[in-house]
Amino acid sequence: MKASKPQLLRIDVEAAAALIEWKSVFAQAVVEGAQQQAAKTKSSGTVTIADYREAARQAILTLADAIESGAGADGQQKAA
């Protein structure tokens, strides 16, 4: 039996822009959270995988808020 070719799917430009924005929101929240976690718990100045894990857990909530609020849904990024 031959494997079927994967179906090519196209993604809407607006959807791609939203995905990029959400990915950016999540990544930024993880980095900032990990740095804050490391600063609170250590004096070594080293960010560990445990810091990133904890920050990622919290960043999921930030990402959910961004998705619910429509961030990136209109293709426009918020001004920094």
# chains A, B, ... in the order shown; residues from 1 in each chain; ligands from 1
call {"tool": "select_by_dssp", "arguments": {"residues": "chain A", "states": "alpha helix (DSSP H)", "output": "JSON, numbers by chain"}}
result
{"A": [13, 14, 15, 16, 17, 18, 19, 20, 21, 22, 23, 24, 25, 26, 27, 28, 29, 30, 31, 32, 33, 34, 35, 36, 37, 38, 39, 40, 41, 49, 50, 51, 52, 53, 54, 55, 56, 57, 58, 59, 60, 61, 62, 63, 64, 65, 66, 67, 68, 69]}
call {"tool": "write_last_selection", "arguments": {"atoms": "C-alpha atoms", "output": "mmCIF file, in the first residue's frame"}}
result
data_model
loop_
_atom_site.group_PDB
_atom_site.id
_atom_site.type_symbol
_atom_site.label_atom_id
_atom_site.label_comp_id
_atom_site.auth_asym_id
_atom_site.auth_seq_id
_atom_site.Cartn_x
_atom_site.Cartn_y
_atom_site.Cartn_z
ATOM 1 C CA VAL A 13 -2.066 35.863 6.074
ATOM 2 C CA GLU A 14 -4.051 37.185 9.036
ATOM 3 C CA ALA A 15 -3.796 33.808 10.771
ATOM 4 C CA ALA A 16 -0.051 33.665 10.161
ATOM 5 C CA ALA A 17 0.385 37.167 11.587
ATOM 6 C CA ALA A 18 -1.590 36.218 14.699
ATOM 7 C CA LEU A 19 0.483 33.070 15.174
ATOM 8 C CA ILE A 20 3.703 35.070 14.903
ATOM 9 C CA GLU A 21 2.419 37.587 17.449
ATOM 10 C CA TRP A 22 1.335 34.857 19.892
ATOM 11 C CA LYS A 23 4.668 33.105 19.560
ATOM 12 C CA SER A 24 6.431 36.380 20.312
ATOM 13 C CA VAL A 25 4.206 37.102 23.333
ATOM 14 C CA PHE A 26 4.908 33.651 24.754
ATOM 15 C CA ALA A 27 8.667 33.779 24.157
ATOM 16 C CA GLN A 28 8.997 37.240 25.676
ATOM 17 C CA ALA A 29 6.968 36.240 28.731
ATOM 18 C CA VAL A 30 9.137 33.140 29.245
ATOM 19 C CA VAL A 31 12.405 35.058 29.015
ATOM 20 C CA GLU A 32 11.265 37.851 31.323
ATOM 21 C CA GLY A 33 9.717 35.426 33.792
ATOM 22 C CA ALA A 34 12.808 33.217 33.930
ATOM 23 C CA GLN A 35 15.055 36.201 34.552
ATOM 24 C CA GLN A 36 12.776 37.440 37.332
ATOM 25 C CA GLN A 37 12.581 33.966 38.864
ATOM 26 C CA ALA A 38 16.368 33.628 38.831
ATOM 27 C CA ALA A 39 16.810 37.068 40.387
ATOM 28 C CA LYS A 40 14.358 36.215 43.196
ATOM 29 C CA THR A 41 15.776 32.821 44.060
ATOM 30 C CA ILE A 49 16.051 25.242 33.100
ATOM 31 C CA ALA A 50 13.900 25.162 36.230
ATOM 32 C CA ASP A 51 13.501 28.943 35.944
ATOM 33 C CA TYR A 52 12.451 28.581 32.306
ATOM 34 C CA ARG A 53 9.998 25.794 33.150
ATOM 35 C CA GLU A 54 8.318 27.850 35.857
ATOM 36 C CA ALA A 55 8.261 30.909 33.609
ATOM 37 C CA ALA A 56 6.746 28.868 30.767
ATOM 38 C CA ARG A 57 3.940 27.716 33.060
ATOM 39 C CA GLN A 58 3.143 31.328 33.875
ATOM 40 C CA ALA A 59 3.612 32.446 30.262
ATOM 41 C CA ILE A 60 0.847 30.071 29.191
ATOM 42 C CA LEU A 61 -1.564 32.282 31.103
ATOM 43 C CA THR A 62 -0.162 35.387 29.400
ATOM 44 C CA LEU A 63 -0.528 33.692 26.032
ATOM 45 C CA ALA A 64 -4.110 32.676 26.781
ATOM 46 C CA ASP A 65 -4.917 36.294 27.678
ATOM 47 C CA ALA A 66 -3.337 37.515 24.425
ATOM 48 C CA ILE A 67 -5.351 35.026 22.386
ATOM 49 C CA GLU A 68 -8.596 35.870 24.170
ATOM 50 C CA SER A 69 -8.045 39.611 23.846
#
